[in-house]
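Here's the structure we're looking at; comments come further down.
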Amino acid sequence: MKHKCLEPALVLAVFALDRIAKILALRHLIHGPVEVLPFFSLTYVENTGVAFGMFRDNNAFFIVFSIALVAMLLIFRRKFSGSGPAARAGIALVLGGALGNLYDRLACGFVVDFFDLSFFPAVFNTADSAITGGAVLLAIGINRGANSK
């Protein structure tokens with residue numbers, strides 16, 4: 001990511017994709033799950049907790065936590081501005097996902113989840129996927145940076 005506008009564009013793309021997916025979930029999955037493949041369904045879930053539905057009904061705490069996470073990511077973004085593309089892309093993905101879930105918490109009081117894999121214990125969303133993928137990329141980027149020194 002050599003161009004400074006690519007990272008903000010990735011953040012906005014993740015946020016927009018997450019919003020569109022959640023709007024579609026609200027419109028089309030509210031009446032019941034849709035099986036896509038034998039092991040994969042689209043299932044509407046209102047999640048007031050975090051991953052795996054832990055710590056339910058703590059929305060105010062998670063709003064504050066999400067705002068702190070976004071602030072921390074913006075600080076880390078500056079720290080990693082000279083690092084490799086994996087770390088910078090990772091931060092952008094995590095930031096876009098965190099903003100997507102924060103928007104849900106502020107607008108709805110819960111996070112909309114809808115990806116349901118039969119072999120996975122929780123329903124999740126596009127933002128969660130971006131956060132997970134971004135964390136992996138960030139770890140790879142940090143590891144590469146540490147190994148090159």
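Ordering of the structure tokens sets the chain letters (A, B, ...); residue numbers start at 1 within each chain; ligands are numbered from 1 in the order shown.
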
Where does DSSP see alpha helix (DSSP H) in range 73-131 of chain A, if you list the residues as a ChimeraX atom specification? /A:73-79,85-108,126-131

* Name the residues in contact with range 93-108 of chain A at a cut-off of 10 Å, using only C-alpha atoms, excluding same-chain residues fewer than 4 positions from it; report them as a PyMOL selection string. => chain A and resi 7-19+22+46-50+59-60+62-67+69-74+77+87-89+112-113+125-138

Would you output that residue set with C-alpha atoms, as an mmCIF file, in the first residue's frame?
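Output below, filename part38.cif:
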```
data_model
loop_
_atom_site.group_PDB
_atom_site.id
_atom_site.type_symbol
_atom_site.label_atom_id
_atom_site.label_comp_id
_atom_site.auth_asym_id
_atom_site.auth_seq_id
_atom_site.Cartn_x
_atom_site.Cartn_y
_atom_site.Cartn_z
ATOM 1 C CA GLU A 7 -5.641 2.516 3.525
ATOM 2 C CA PRO A 8 -8.606 4.876 4.084
ATOM 3 C CA ALA A 9 -10.204 3.429 0.933
ATOM 4 C CA LEU A 10 -9.862 -0.086 2.380
ATOM 5 C CA VAL A 11 -11.401 1.064 5.689
ATOM 6 C CA LEU A 12 -14.335 2.632 3.824
ATOM 7 C CA ALA A 13 -14.748 -0.408 1.556
ATOM 8 C CA VAL A 14 -14.930 -2.778 4.538
ATOM 9 C CA PHE A 15 -17.382 -0.488 6.332
ATOM 10 C CA ALA A 16 -19.574 -0.107 3.216
ATOM 11 C CA LEU A 17 -19.553 -3.838 2.440
ATOM 12 C CA ASP A 18 -20.464 -4.582 6.051
ATOM 13 C CA ARG A 19 -23.340 -2.066 6.033
ATOM 14 C CA LYS A 22 -26.244 -6.164 7.234
ATOM 15 C CA GLU A 46 -28.948 -9.864 17.075
ATOM 16 C CA ASN A 47 -25.752 -10.070 19.135
ATOM 17 C CA THR A 48 -25.543 -7.842 22.219
ATOM 18 C CA GLY A 49 -22.260 -9.421 23.290
ATOM 19 C CA VAL A 50 -19.000 -10.182 21.550
ATOM 20 C CA ASN A 59 -23.754 -2.795 24.820
ATOM 21 C CA ALA A 60 -22.661 0.419 26.582
ATOM 22 C CA PHE A 62 -18.733 -2.475 24.108
ATOM 23 C CA ILE A 63 -19.470 0.952 22.619
ATOM 24 C CA VAL A 64 -16.811 2.490 24.875
ATOM 25 C CA PHE A 65 -14.452 -0.423 24.174
ATOM 26 C CA SER A 66 -14.976 -0.069 20.410
ATOM 27 C CA ILE A 67 -14.295 3.669 20.496
ATOM 28 C CA LEU A 69 -10.112 0.299 19.970
ATOM 29 C CA VAL A 70 -10.656 2.644 17.020
ATOM 30 C CA ALA A 71 -8.548 5.343 18.733
ATOM 31 C CA MET A 72 -5.809 2.811 19.469
ATOM 32 C CA LEU A 73 -5.839 1.590 15.862
ATOM 33 C CA LEU A 74 -5.491 5.145 14.582
ATOM 34 C CA ARG A 77 -1.644 3.227 12.100
ATOM 35 C CA ALA A 87 0.637 -4.607 8.632
ATOM 36 C CA ARG A 88 -0.945 -1.507 7.112
ATOM 37 C CA ALA A 89 -3.641 -3.510 5.318
ATOM 38 C CA VAL A 112 -26.200 -7.991 13.281
ATOM 39 C CA ASP A 113 -24.597 -11.389 12.617
ATOM 40 C CA ASN A 125 -20.623 -11.030 10.110
ATOM 41 C CA THR A 126 -18.546 -9.282 7.459
ATOM 42 C CA ALA A 127 -16.958 -6.934 9.997
ATOM 43 C CA ASP A 128 -15.894 -9.875 12.175
ATOM 44 C CA SER A 129 -14.305 -11.506 9.126
ATOM 45 C CA ALA A 130 -12.405 -8.309 8.308
ATOM 46 C CA ILE A 131 -11.245 -7.979 11.919
ATOM 47 C CA THR A 132 -10.001 -11.579 11.980
ATOM 48 C CA GLY A 133 -8.292 -11.373 8.596
ATOM 49 C CA GLY A 134 -6.828 -7.994 9.493
ATOM 50 C CA ALA A 135 -5.441 -9.291 12.787
ATOM 51 C CA VAL A 136 -3.737 -12.146 10.916
ATOM 52 C CA LEU A 137 -2.249 -9.722 8.361
ATOM 53 C CA LEU A 138 -1.128 -7.387 11.133
#
```

ask   = Running DSSP on the backbone, which parts of chain A land in strand (DSSP E or B), as a list in words?
value =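 Checking each residue of chain A, the strand (DSSP E or B) ones are Val34, Glu35, Val36, Leu37, Phe40, Ser41, Leu42, Thr43, Tyr44, Val45, Glu46, Asn47, Val111, Val112, Asp113, Phe114, Phe115, Asp116, Leu117, Val123 and Phe124 of chain A.
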
One residue among A:Ser83, A:Asn143, A:Thr43, A:Asn58 is nearest to Asp116 in chain A when using only C-alpha atoms, and that residue is A:Thr43

Separating CA of Ile20 in chain A from CA of Ile140 in chain A, to the nearest tenth of an Å, is a gap of 29.0 Å

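Minimum atom-to-atom distances from A:Tyr44, A:Phe39, A:Phe120, A:Phe61 to Ala25 in chain A were compared using only C-alpha atoms, and the lowest value belongs to A:Tyr44.
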